[in-house]
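Structure file data.csv (CSV, C-alpha atoms (C1' of nucleotides)) is printed below.
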```
chain,number,residue,atom,x,y,z
O,75,MET,CA,-24.8,148.2,-2.6
O,76,ASN,CA,-22.5,148.8,0.4
O,77,ARG,CA,-23.4,149.1,4.1
O,78,THR,CA,-23.6,152.9,4.0
O,79,GLN,CA,-26.0,152.9,1.1
O,80,VAL,CA,-28.2,150.3,2.7
O,81,ARG,CA,-28.2,152.3,5.9
O,82,HIS,CA,-29.3,155.4,4.0
O,83,VAL,CA,-32.2,153.5,2.4
O,84,LEU,CA,-33.4,152.2,5.8
O,85,ASP,CA,-33.1,155.6,7.4
O,86,THR,CA,-34.9,157.3,4.6
O,87,ILE,CA,-37.9,155.0,4.5
O,88,GLY,CA,-37.8,155.2,8.3
O,89,THR,CA,-38.3,158.9,8.1
O,90,MET,CA,-41.0,158.6,5.5
O,91,PHE,CA,-43.0,155.9,7.3
O,92,PRO,CA,-41.9,155.8,11.0
O,93,ASP,CA,-44.9,153.9,12.2
O,94,ALA,CA,-45.5,151.4,9.4
O,95,HIS,CA,-47.5,148.5,10.6
O,96,CYS,CA,-49.7,145.6,9.7
O,97,GLU,CA,-52.9,147.0,8.0
O,98,LEU,CA,-54.8,143.7,8.1
O,99,ARG,CA,-57.3,144.1,10.9
O,100,HIS,CA,-57.1,141.3,13.5
O,101,GLU,CA,-57.5,140.5,17.2
O,102,ASN,CA,-55.4,137.3,17.6
O,103,PRO,CA,-53.0,135.0,15.7
O,104,PHE,CA,-55.9,132.9,14.3
O,105,GLU,CA,-57.6,136.0,12.8
O,106,LEU,CA,-54.3,137.2,11.4
O,107,THR,CA,-53.6,133.9,9.7
O,108,ILE,CA,-57.0,133.9,8.1
O,109,ALA,CA,-56.6,137.5,7.0
O,110,VAL,CA,-53.2,136.9,5.4
O,111,LEU,CA,-54.5,133.8,3.7
O,112,LEU,CA,-57.3,135.9,2.2
O,113,SER,CA,-55.0,138.7,1.2
O,114,ALA,CA,-53.4,136.9,-1.7
O,115,GLN,CA,-53.8,138.9,-4.9
O,116,CYS,CA,-56.2,141.3,-3.2
O,117,THR,CA,-55.9,144.6,-1.4
O,118,ASP,CA,-55.8,144.9,2.4
O,119,GLU,CA,-58.7,147.3,2.2
O,120,THR,CA,-60.9,144.7,0.5
O,121,VAL,CA,-59.8,142.0,3.0
O,122,ASN,CA,-60.7,144.3,6.0
O,123,LYS,CA,-64.2,144.9,4.5
O,124,VAL,CA,-64.8,141.2,4.3
O,125,THR,CA,-63.3,140.2,7.7
O,126,ALA,CA,-65.4,142.9,9.4
O,127,ASP,CA,-68.4,140.6,9.0
O,128,LEU,CA,-66.5,137.3,8.7
O,129,PHE,CA,-64.8,137.6,12.1
O,130,HIS,CA,-68.1,138.4,13.7
O,131,LYS,CA,-69.7,135.2,12.3
O,132,TYR,CA,-66.6,132.9,12.7
O,133,LYS,CA,-64.7,133.1,15.9
O,134,LYS,CA,-62.9,129.7,16.2
O,135,PRO,CA,-61.8,126.9,13.9
O,136,GLU,CA,-64.9,125.0,14.8
O,137,ASP,CA,-67.1,127.7,13.4
O,138,TYR,CA,-65.5,127.5,9.9
O,139,ILE,CA,-66.0,123.8,9.6
O,140,ALA,CA,-69.5,123.9,11.0
O,141,VAL,CA,-70.9,125.4,7.7
O,142,PRO,CA,-71.0,123.9,4.2
O,143,LEU,CA,-68.1,124.9,2.0
O,144,GLU,CA,-70.5,126.8,-0.3
O,145,GLU,CA,-71.6,129.0,2.6
O,146,LEU,CA,-68.0,130.0,3.4
O,147,GLU,CA,-67.4,130.6,-0.3
O,148,MET,CA,-70.3,133.1,-0.4
O,149,ASP,CA,-69.0,134.8,2.8
O,150,ILE,CA,-65.7,135.6,1.2
O,151,ARG,CA,-67.0,135.9,-2.4
O,152,ARG,CA,-65.9,139.6,-2.8
O,153,ILE,CA,-62.3,138.5,-2.5
O,154,GLY,CA,-60.7,136.9,-5.5
O,155,LEU,CA,-59.7,133.2,-5.6
O,156,PHE,CA,-62.5,132.5,-3.2
O,157,ARG,CA,-63.0,128.8,-4.0
O,158,ASN,CA,-59.3,128.0,-3.2
O,159,LYS,CA,-59.3,130.2,-0.2
O,160,ALA,CA,-62.5,128.7,1.3
O,161,LYS,CA,-61.3,125.2,0.8
O,162,ASN,CA,-57.9,126.0,2.4
O,163,ILE,CA,-59.5,127.7,5.4
O,164,GLN,CA,-61.7,124.7,6.2
O,165,GLN,CA,-58.7,122.2,5.8
O,166,LEU,CA,-56.5,124.5,7.8
O,167,CYS,CA,-59.1,124.6,10.6
O,168,ARG,CA,-59.5,120.8,10.6
O,169,ILE,CA,-55.7,120.5,11.0
O,170,LEU,CA,-55.6,123.0,13.8
O,171,LEU,CA,-58.1,121.0,15.7
O,172,GLU,CA,-56.5,117.7,15.0
O,173,ARG,CA,-52.9,118.6,15.7
O,174,TYR,CA,-52.7,121.8,17.6
O,175,ASN,CA,-55.7,122.0,19.9
O,176,GLY,CA,-57.3,124.7,17.7
O,177,GLU,CA,-54.3,127.0,18.1
O,178,ILE,CA,-52.0,128.6,15.5
O,179,PRO,CA,-48.5,127.0,15.8
O,180,ARG,CA,-45.7,129.5,16.5
O,181,GLU,CA,-43.1,127.7,14.3
O,182,HIS,CA,-42.5,128.6,10.7
O,183,GLU,CA,-41.9,125.0,9.7
O,184,ARG,CA,-45.3,124.0,11.1
O,185,LEU,CA,-47.1,127.1,9.6
O,186,VAL,CA,-46.0,126.4,6.0
O,187,GLU,CA,-47.4,122.9,6.3
O,188,LEU,CA,-50.9,124.4,6.6
O,189,PRO,CA,-52.9,124.6,3.4
O,190,GLY,CA,-52.9,128.0,1.8
O,191,VAL,CA,-50.0,129.1,4.0
O,192,GLY,CA,-46.7,129.6,2.2
O,193,ARG,CA,-43.4,131.1,3.2
O,194,LYS,CA,-44.7,134.7,2.9
O,195,THR,CA,-47.8,134.1,5.0
O,196,ALA,CA,-45.8,132.2,7.6
O,197,ASN,CA,-43.4,135.1,7.9
O,198,VAL,CA,-46.2,137.6,8.4
O,199,VAL,CA,-47.7,135.4,11.2
O,200,VAL,CA,-44.5,134.7,13.1
O,201,SER,CA,-43.4,138.4,13.0
O,202,ASN,CA,-46.7,140.1,13.7
O,203,ALA,CA,-48.3,137.6,16.1
O,204,PHE,CA,-45.3,136.0,17.8
O,205,ASP,CA,-42.6,138.7,17.6
O,206,GLU,CA,-40.2,136.5,15.7
O,207,PRO,CA,-38.0,138.7,13.4
O,208,ALA,CA,-38.9,138.0,9.7
O,209,ILE,CA,-39.0,139.6,6.3
O,210,ALA,CA,-42.1,138.6,4.4
O,211,VAL,CA,-41.5,139.3,0.7
O,212,ASP,CA,-44.8,140.2,-0.9
O,213,THR,CA,-45.4,142.0,-4.2
O,214,HIS,CA,-44.4,145.4,-2.8
O,215,VAL,CA,-41.3,144.3,-1.0
O,216,GLU,CA,-40.1,142.4,-4.1
O,217,ARG,CA,-40.8,145.4,-6.4
O,218,VAL,CA,-39.2,148.0,-4.1
O,219,SER,CA,-36.2,145.8,-3.3
O,220,LYS,CA,-35.4,145.3,-7.0
O,221,ARG,CA,-36.0,149.0,-7.9
O,222,LEU,CA,-33.6,150.1,-5.1
O,223,ALA,CA,-31.0,147.5,-6.1
O,224,LEU,CA,-31.3,145.7,-2.7
O,225,ALA,CA,-31.8,142.7,-5.0
O,226,ASN,CA,-31.4,141.8,-8.7
O,227,TRP,CA,-34.2,141.8,-11.2
O,228,LYS,CA,-34.0,138.1,-11.8
O,229,ASP,CA,-34.0,137.1,-8.2
O,230,SER,CA,-36.8,134.8,-6.9
O,231,VAL,CA,-38.8,136.0,-3.9
O,232,LEU,CA,-36.7,133.6,-1.7
O,233,GLU,CA,-33.5,135.1,-3.0
O,234,VAL,CA,-34.9,138.6,-2.3
O,235,GLU,CA,-35.7,137.5,1.2
O,236,ARG,CA,-32.2,136.1,1.8
O,237,LYS,CA,-30.5,139.3,0.5
O,238,LEU,CA,-32.7,141.5,2.7
O,239,MET,CA,-31.9,139.4,5.8
O,240,LYS,CA,-28.2,139.7,5.0
O,241,GLN,CA,-28.3,143.4,4.5
O,242,VAL,CA,-30.7,144.4,7.3
O,243,PRO,CA,-29.9,143.9,11.0
O,244,ARG,CA,-32.0,141.1,12.5
O,245,GLU,CA,-33.6,143.3,15.1
O,246,GLU,CA,-34.9,145.6,12.3
O,247,TRP,CA,-36.3,142.9,10.0
O,248,THR,CA,-39.9,143.2,10.9
O,249,LEU,CA,-40.1,147.0,11.0
O,250,THR,CA,-38.2,147.3,7.8
O,251,HIS,CA,-40.5,144.8,6.2
O,252,HIS,CA,-43.5,147.0,7.1
O,253,ARG,CA,-41.7,150.2,5.9
O,254,LEU,CA,-40.8,148.6,2.6
O,255,ILE,CA,-44.5,147.7,2.2
O,256,PHE,CA,-45.7,151.2,3.0
O,257,PHE,CA,-43.0,152.7,0.7
O,258,GLY,CA,-44.2,150.4,-2.1
O,259,ARG,CA,-47.9,150.8,-1.4
O,260,TYR,CA,-48.0,154.6,-1.0
O,261,HIS,CA,-45.0,156.0,-2.7
O,262,CYS,CA,-43.0,153.6,-5.0
O,263,LYS,CA,-46.2,152.3,-6.5
O,264,ALA,CA,-46.4,149.7,-9.3
O,265,GLN,CA,-48.3,152.0,-11.7
O,266,ASN,CA,-47.6,155.6,-10.7
O,267,PRO,CA,-44.4,155.7,-8.7
O,268,GLN,CA,-43.7,159.1,-7.2
O,269,CYS,CA,-40.2,159.5,-8.6
O,270,GLU,CA,-40.5,163.3,-8.9
O,271,ILE,CA,-40.6,163.7,-5.1
O,272,CYS,CA,-38.6,160.6,-4.1
O,273,PRO,CA,-35.6,161.2,-1.8
O,274,LEU,CA,-34.1,157.9,-3.0
O,275,LEU,CA,-34.1,158.8,-6.7
O,276,PRO,CA,-30.3,159.1,-6.8
O,277,MET,CA,-30.0,155.5,-5.7
O,278,CYS,CA,-32.7,154.2,-8.1
O,279,ARG,CA,-31.9,153.1,-11.6
O,280,GLU,CA,-35.6,152.6,-12.4
O,281,GLY,CA,-36.4,156.1,-11.3
O,282,GLN,CA,-33.5,157.5,-13.3
O,283,LYS,CA,-34.7,155.8,-16.5
O,284,ARG,CA,-38.3,156.8,-15.8
O,285,MET,CA,-37.4,160.5,-15.3
O,286,LYS,CA,-35.5,160.6,-18.5
O,287,LYS,CA,-38.5,159.5,-20.6
O,288,ARG,CA,-40.3,162.8,-19.7
B,262,DC,C1',-45.3,127.7,-15.8
B,263,DT,C1',-50.5,127.9,-15.2
B,264,DC,C1',-54.5,128.4,-12.7
B,265,DC,C1',-57.3,130.5,-9.3
B,266,DC,C1',-60.7,135.5,-9.5
B,267,DG,C1',-63.3,139.8,-7.6
B,268,DA,C1',-62.5,144.8,-6.6
B,269,DT,C1',-60.3,148.9,-7.7
B,270,DA,C1',-57.2,152.2,-10.1
B,271,DT,C1',-55.5,153.9,-14.3
F,251,DA,C1',-59.8,147.7,-21.6
F,252,DT,C1',-55.9,146.6,-18.8
F,253,DA,C1',-52.9,146.3,-14.7
F,254,DT,C1',-52.6,145.4,-10.0
F,255,DC,C1',-53.6,143.8,-5.5
F,256,DA,C1',-49.6,141.7,1.7
F,257,DG,C1',-49.7,134.2,-3.0
F,258,DG,C1',-50.0,129.3,-3.0
F,259,DA,C1',-50.6,124.9,-5.1
F,260,DG,C1',-50.2,121.5,-8.9
```
As structure tokens:
Amino acid sequence: MNRTQVRHVLDTIGTMFPDAHCELRHENPFELTIAVLLSAQCTDETVNKVTADLFHKYKKPEDYIAVPLEELEMDIRRIGLFRNKAKNIQQLCRILLERYNGEIPREHERLVELPGVGRKTANVVVSNAFDEPAIAVDTHVERVSKRLALANWKDSVLEVERKLMKQVPREEWTLTHHRLIFFGRYHCKAQNPQCEICPLLPMCREGQKRMKKR
DNA sequence: CTCCCGATAT
DNA sequence: ATATCAGGAG
């Protein structure tokens, strides 16, 4: 895919979703980190339902470690993988208090050391909370990038991230990341992609195949 | 690679 | 009934 084609993709999703943004409700870097950790294999909508009450009850790292693990588990029970997530949150909060005075570190290298925080979560935090350009590759970004041939089918998420960083200007990384998510979540969906009304159909092999079969 | 896992859409 | 959802760890 050449520069002109990439530019066309970026401009098109920019027109479709000009104000794409983080849909996880949060007030500060700490809440954002907890919300992203909770969002694994779960919709943003479900996370927001849970955090509405959760962030009212737990304000600081001290609050999360003040309760028994079982209580925190029950408070996030409606989200999947709740045992792992509850354990990770308490461990993460202990580390924040021990090493970082209860604050979320701004460096990617330190973020990924936290339990339950991988490369994707760290990228979301640095870009949304600390204005550091980053492209977090989640399920939507991976699927859309591969369908639009911004990456290859066999690429790992890390390879997808590298290819996107190479093809997209650095100052557009974060906004493009959000637009790819919106494009994937609301248009180029996993189950019912809107190929019939897709302005990028000419660039999409998947879409071409899919349209043939009907 | 497998496991963790409830809510929602299809 | 099955697929999918802002993944990470062992």
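You will find C1' of DT271 (chain B) at 26.1 Å from CA of Val110 (chain O).
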Find the residues near DC266 (chain B): any atom within 12 Å, counting only C-alpha atoms (C1' of nucleotides), skip ones fewer than 5 places away on the same chain, and give them as a count of residues only. 14
Could you tell me how far CA of Ala160 (chain O) lies from CA of Leu146 (chain O), in Å and to one decimal? 6.0 Å
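Proximity ranking of O:His251, O:Arg180, O:Arg173, O:His82 relative to Phe104 (chain O) places O:Arg180 first, based on all atoms listed in the file.
The spacing separating CA of Glu147 (chain O) from CA of Leu166 (chain O) amounts to 14.9 Å.
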The centre and edge lengths of an axis-aligned box containing all atoms of region 210-218 of chain O present in the file, extended by 5 Å on each side, are to be given in Å to one decimal, as JSON.
```
{"center_x": -42.3, "center_y": 143.3, "center_z": -1.0, "size_x": 16.2, "size_y": 19.4, "size_z": 20.8}
```
Kindly add all heavy atoms to the incomplete region 213-224 of chain O and provide the output as a short mmCIF file (atom, residue, chain, number, x, y, z; two decimals), in the coordinates of the input.
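In the end it all went to out-v3.cif:
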```cif
data_model
loop_
_atom_site.label_atom_id
_atom_site.label_comp_id
_atom_site.auth_asym_id
_atom_site.auth_seq_id
_atom_site.Cartn_x
_atom_site.Cartn_y
_atom_site.Cartn_z
N THR O 213 -45.57 141.32 -2.97
CA THR O 213 -45.40 142.00 -4.20
C THR O 213 -44.71 143.37 -4.08
O THR O 213 -43.87 143.76 -4.90
CB THR O 213 -46.75 142.18 -4.97
OG1 THR O 213 -46.53 142.81 -6.21
CG2 THR O 213 -47.74 142.98 -4.14
N HIS O 214 -45.04 144.09 -2.99
CA HIS O 214 -44.40 145.40 -2.80
C HIS O 214 -42.97 145.31 -2.40
O HIS O 214 -42.13 146.03 -2.94
CB HIS O 214 -45.20 146.16 -1.68
CG HIS O 214 -46.62 146.42 -2.00
ND1 HIS O 214 -47.03 147.18 -3.07
CD2 HIS O 214 -47.77 146.01 -1.40
CE1 HIS O 214 -48.35 147.23 -3.12
NE2 HIS O 214 -48.83 146.52 -2.11
N VAL O 215 -42.67 144.44 -1.45
CA VAL O 215 -41.30 144.30 -1.00
C VAL O 215 -40.40 143.81 -2.16
O VAL O 215 -39.28 144.29 -2.33
CB VAL O 215 -41.21 143.26 0.16
CG1 VAL O 215 -39.77 142.99 0.55
CG2 VAL O 215 -41.99 143.79 1.37
N GLU O 216 -40.92 142.90 -2.97
CA GLU O 216 -40.10 142.40 -4.10
C GLU O 216 -39.86 143.57 -5.10
O GLU O 216 -38.72 143.80 -5.50
CB GLU O 216 -40.89 141.30 -4.84
CG GLU O 216 -40.12 140.78 -6.04
CD GLU O 216 -40.85 139.67 -6.78
OE1 GLU O 216 -42.04 139.42 -6.49
OE2 GLU O 216 -40.22 139.04 -7.66
N ARG O 217 -40.92 144.30 -5.47
CA ARG O 217 -40.80 145.40 -6.40
C ARG O 217 -39.80 146.46 -5.94
O ARG O 217 -38.88 146.88 -6.65
CB ARG O 217 -42.13 146.01 -6.76
CG ARG O 217 -42.07 147.13 -7.80
CD ARG O 217 -43.43 147.76 -8.02
NE ARG O 217 -43.96 148.43 -6.86
CZ ARG O 217 -44.97 148.00 -6.14
NH1 ARG O 217 -45.57 146.87 -6.44
NH2 ARG O 217 -45.38 148.68 -5.08
N VAL O 218 -40.01 146.91 -4.70
CA VAL O 218 -39.20 148.00 -4.10
C VAL O 218 -37.74 147.54 -3.97
O VAL O 218 -36.81 148.29 -4.30
CB VAL O 218 -39.77 148.42 -2.77
CG1 VAL O 218 -38.79 149.30 -2.03
CG2 VAL O 218 -41.09 149.14 -2.98
N SER O 219 -37.53 146.34 -3.49
CA SER O 219 -36.20 145.80 -3.30
C SER O 219 -35.40 145.79 -4.60
O SER O 219 -34.21 146.11 -4.65
CB SER O 219 -36.21 144.44 -2.67
OG SER O 219 -36.81 144.48 -1.39
N LYS O 220 -36.10 145.41 -5.67
CA LYS O 220 -35.40 145.30 -7.00
C LYS O 220 -35.20 146.72 -7.56
O LYS O 220 -34.15 146.98 -8.14
CB LYS O 220 -36.27 144.45 -7.91
CG LYS O 220 -36.24 143.00 -7.49
CD LYS O 220 -37.03 142.10 -8.40
CE LYS O 220 -36.86 140.63 -7.95
NZ LYS O 220 -37.58 139.69 -8.83
N ARG O 221 -36.16 147.62 -7.38
CA ARG O 221 -36.00 149.00 -7.90
C ARG O 221 -34.82 149.67 -7.21
O ARG O 221 -34.05 150.42 -7.83
CB ARG O 221 -37.26 149.79 -7.72
CG ARG O 221 -38.35 149.49 -8.74
CD ARG O 221 -39.57 150.36 -8.51
NE ARG O 221 -40.60 150.12 -9.55
CZ ARG O 221 -41.82 150.61 -9.48
NH1 ARG O 221 -42.19 151.36 -8.46
NH2 ARG O 221 -42.68 150.36 -10.45
N LEU O 222 -34.68 149.44 -5.90
CA LEU O 222 -33.60 150.10 -5.10
C LEU O 222 -32.33 149.36 -5.13
O LEU O 222 -31.40 149.71 -4.42
CB LEU O 222 -34.11 150.30 -3.67
CG LEU O 222 -35.26 151.30 -3.47
CD1 LEU O 222 -35.67 151.32 -2.01
CD2 LEU O 222 -34.84 152.69 -3.93
N ALA O 223 -32.27 148.27 -5.91
CA ALA O 223 -31.00 147.50 -6.10
C ALA O 223 -30.62 146.81 -4.76
O ALA O 223 -29.46 146.53 -4.53
CB ALA O 223 -29.90 148.36 -6.58
N LEU O 224 -31.60 146.55 -3.88
CA LEU O 224 -31.30 145.70 -2.70
C LEU O 224 -31.30 144.25 -3.16
O LEU O 224 -30.84 143.37 -2.44
CB LEU O 224 -32.40 145.91 -1.64
CG LEU O 224 -32.41 147.28 -0.97
CD1 LEU O 224 -33.70 147.51 -0.20
CD2 LEU O 224 -31.22 147.43 -0.04
#
```
